[in-house]
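Below is one structure, written out as structure tokens, with a few remarks after it.
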Amino acid sequence: MFKKFPKDSKYTKIALYTFITIGALMILWRLIISSENLWTSFKDIFAFLWGSVATIISGLILGYILSPGVSFFEKVFNKLFNRKQKQKREKRLRLISIVLVYVILLLTIAAIIIFIIPPLVENIVQFSEDLPGYINTVVEWYDKNLKDSPLFTSEYTKNIVENSNTAFMERINEIALKVVSVLANSLFSIFSGIIKFVIAFIISFYYLLSAKDVVAGVSEFGRLKLGKEKADSVGTFLKSIDLVFGRYISAKLLQIIIIFLIAQVFFLIIGVSMSTLMAFILALANVIPYVGGFIGMIPPVLISLLENPIKAIWVFAAVQVVQFIDNYIIQPFLIGDKMGLSPFWALVVVIIGGNLFGFAGVLLSIPVAAVIGLFVTRYVNKQKHKLEEEAKVK
């Protein structure tokens with residue numbers, strides 16, 4: 001007779017950790033022997049895994065981004081009913097709030113598809129066609145005003161300028177063709193993208209519908225396993241993270257849309273060439289804190305300067321008005337304290353996030369840094385409390 005294996009959670013944990021460790025070692029060994037380039041193997045496996053779950057994760061992310069809007073409408077509707085009615089109609093009010101948010105989302109997407117994407121594509125194609133003309137304008141201005149300047153008369157400087165100009169002019173057509181090619185290739189992925197979006201859309205809907213029940217179940221499970229005090233402490237901390245992430249991402253996306261619309265109105269009034277593209281660049285650059293407005297201002301001002309210097313002054317003034325509205329009205333209302341990061345650290349994390357993950361890294365770097373700050377603050381406070389308790393005992 002074999003000795004009965006004792007029912008002890010300790011043995012279960014040991015078995016689980018052993019299984020995970022052996023599995024990880026087997027995967028690592030397989031990666032080492034299967035490819036000369038370990039990093040390529042890791043990227044291939046990550047790409048395969050991401051392709052398998054990307055639609056699901058996208059749906060959850062979409063639901064998470066939309067959840068502040070659902071909560072907002074829930075609060076509005078709850079104020080319209082007394083307490084008794086609120087308890088009876090809580091699920092119905094949440095469903096109405098979710099449907100309303102999705103109606104707004106669909107109307108926004110429809111407006112973007114109808115009114116923004118066609119002129120944006122047209123502006124990009126126009127820019128690729130007009131770029132050689134802009135380059136020629138700059139070259140002519142240089143020949144007229146700077147070519148004979150003492151600063152540019154040295155042989156060394158002349159060679160640098162002429163070689164750079166020749167190399168750029170040789171590549172300008174290639175760059176223009178690449179822009180058009182990228183747009184053409186993007187059309188082939190639109191159909192599959194629509195299907196994935198519809199699936200993610202449905203997943204996000206069910207996520208929002210059941211989010212409260214899931215949170216309540218996880219909270220109850222946490223209280224059973226950790227105890228009420230620890231579970232409440234963890235819950236409070238997670239709520240602060242949710243407040244940072246949920247509020248920032250939703251607010252930042254809304255901020256991009258508002259800045260784009262305001263800039264587009266100003267640029268249309270002034271008569272800026274490729275106004276939709278210029279407003280889009282300004283709105284996206286505005287994601288970068290503190291210097292984004294300056295970076296986004298360069299293309300519209302520069303294009304206007306090549307066409308009409310007076311128009312460039314008006315564009316510069318319009319961008320300053322947009323930045324004023326953003327800094328003193330939009331950002332304080334939507335984002336508030338800007339995650340509590342100093343300008344230095346905000347720029348550092350945005351640069352790192354952008355280099356690693358592109359636009360998503362730029363968008364998420366500040367809330368991620370804010371969450372890390374919450375972890376550090378929580379750890380430091382615990383250590384201080386521990387030291388104070390030890391000092392009291394002594």
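By order in the structure tokens, chains are A, B, ...; within a chain, residues start at 1; ligands start at 1, following the order shown.
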Could you list, as an mmCIF file with C-alpha atoms, in the first residue's frame, every residue within 9 Å of A:Leu364, counting only C-alpha atoms and ignoring same-chain residues fewer than 2 positions away?
```cif
data_model
loop_
_atom_site.group_PDB
_atom_site.id
_atom_site.type_symbol
_atom_site.label_atom_id
_atom_site.label_comp_id
_atom_site.auth_asym_id
_atom_site.auth_seq_id
_atom_site.Cartn_x
_atom_site.Cartn_y
_atom_site.Cartn_z
ATOM 1 C CA PHE A 245 -4.360 54.661 -15.401
ATOM 2 C CA TYR A 248 -5.123 59.459 -17.631
ATOM 3 C CA ILE A 249 -5.577 57.270 -20.730
ATOM 4 C CA VAL A 350 8.264 59.770 -22.363
ATOM 5 C CA GLY A 353 8.704 54.856 -23.553
ATOM 6 C CA PHE A 359 3.355 56.061 -29.752
ATOM 7 C CA ALA A 360 1.858 53.596 -27.227
ATOM 8 C CA GLY A 361 4.978 54.062 -25.104
ATOM 9 C CA VAL A 362 4.622 57.839 -25.269
ATOM 10 C CA ILE A 366 3.568 58.764 -17.667
ATOM 11 C CA PRO A 367 0.809 56.655 -16.024
ATOM 12 C CA VAL A 368 3.240 53.712 -15.799
ATOM 13 C CA ALA A 369 5.785 55.981 -14.112
#
```
* To do: Excluding A:Leu60 and residues on its chain fewer than 2 positions from it, collect all residues at most 10 Å away from it, counting only C-alpha atoms, and give them as a list in words.
  => Ala54, Thr55, Ile56, Ile57, Ser58, Leu62, Gly63, Tyr64, Ile65, Leu66, Ala200, Phe201, Ile202, Ile203, Ser204, Phe205, Tyr206, Tyr207 and Leu208 of chain A
* Nearest to A:Leu80: which of A:Gln331, A:Leu93, A:Asn308, A:Asp242 is it, counting only C-alpha atoms? ->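 When distances to A:Leu80 are compared using only C-alpha atoms, the smallest one comes from A:Leu93.
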* Could you tell me, as a PyMOL selection string, which residues of stretch 252-307 of chain A DSSP assigns to alpha helix (DSSP H) when given the backbone? => chain A and resi 252-270+275-285+292-307
* Please identify all polymer residues within 10 Å of stretch 232-240 of chain A, counting only C-alpha atoms, omitting same-chain residues fewer than 3 positions from it, and present them as a PyMOL selection string. => chain A and resi 215+218-219+222-223+226-229+243-246+371+374-375+378
* To do: Grab the atom CA of A:Lys212 to atom CA of A:Ile109 distance for me, in Å with one decimal place.
  => 26.8 Å
* Asked: Which polymer residues have any atom within 12 Å of an atom of A:Phe73, counting only C-alpha atoms, with same-chain residues fewer than 3 positions away left out, as a ChimeraX atom specification?
  -> /A:66-70,76-80,93-102,104
* Between A:Leu254, A:Leu224, A:Leu209, A:Leu131, which is the closest to A:Arg92 once you count only C-alpha atoms? -> A:Leu209
* Asked: Please, what distance in Å, to one decimal, runs between atom CA of A:Val301 and atom CA of A:Leu253?
  ->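 It comes out at 24.5 Å.
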* Quick one, how far is atom CA of A:Ile117 from atom CA of A:Leu105? -> 16.1 Å
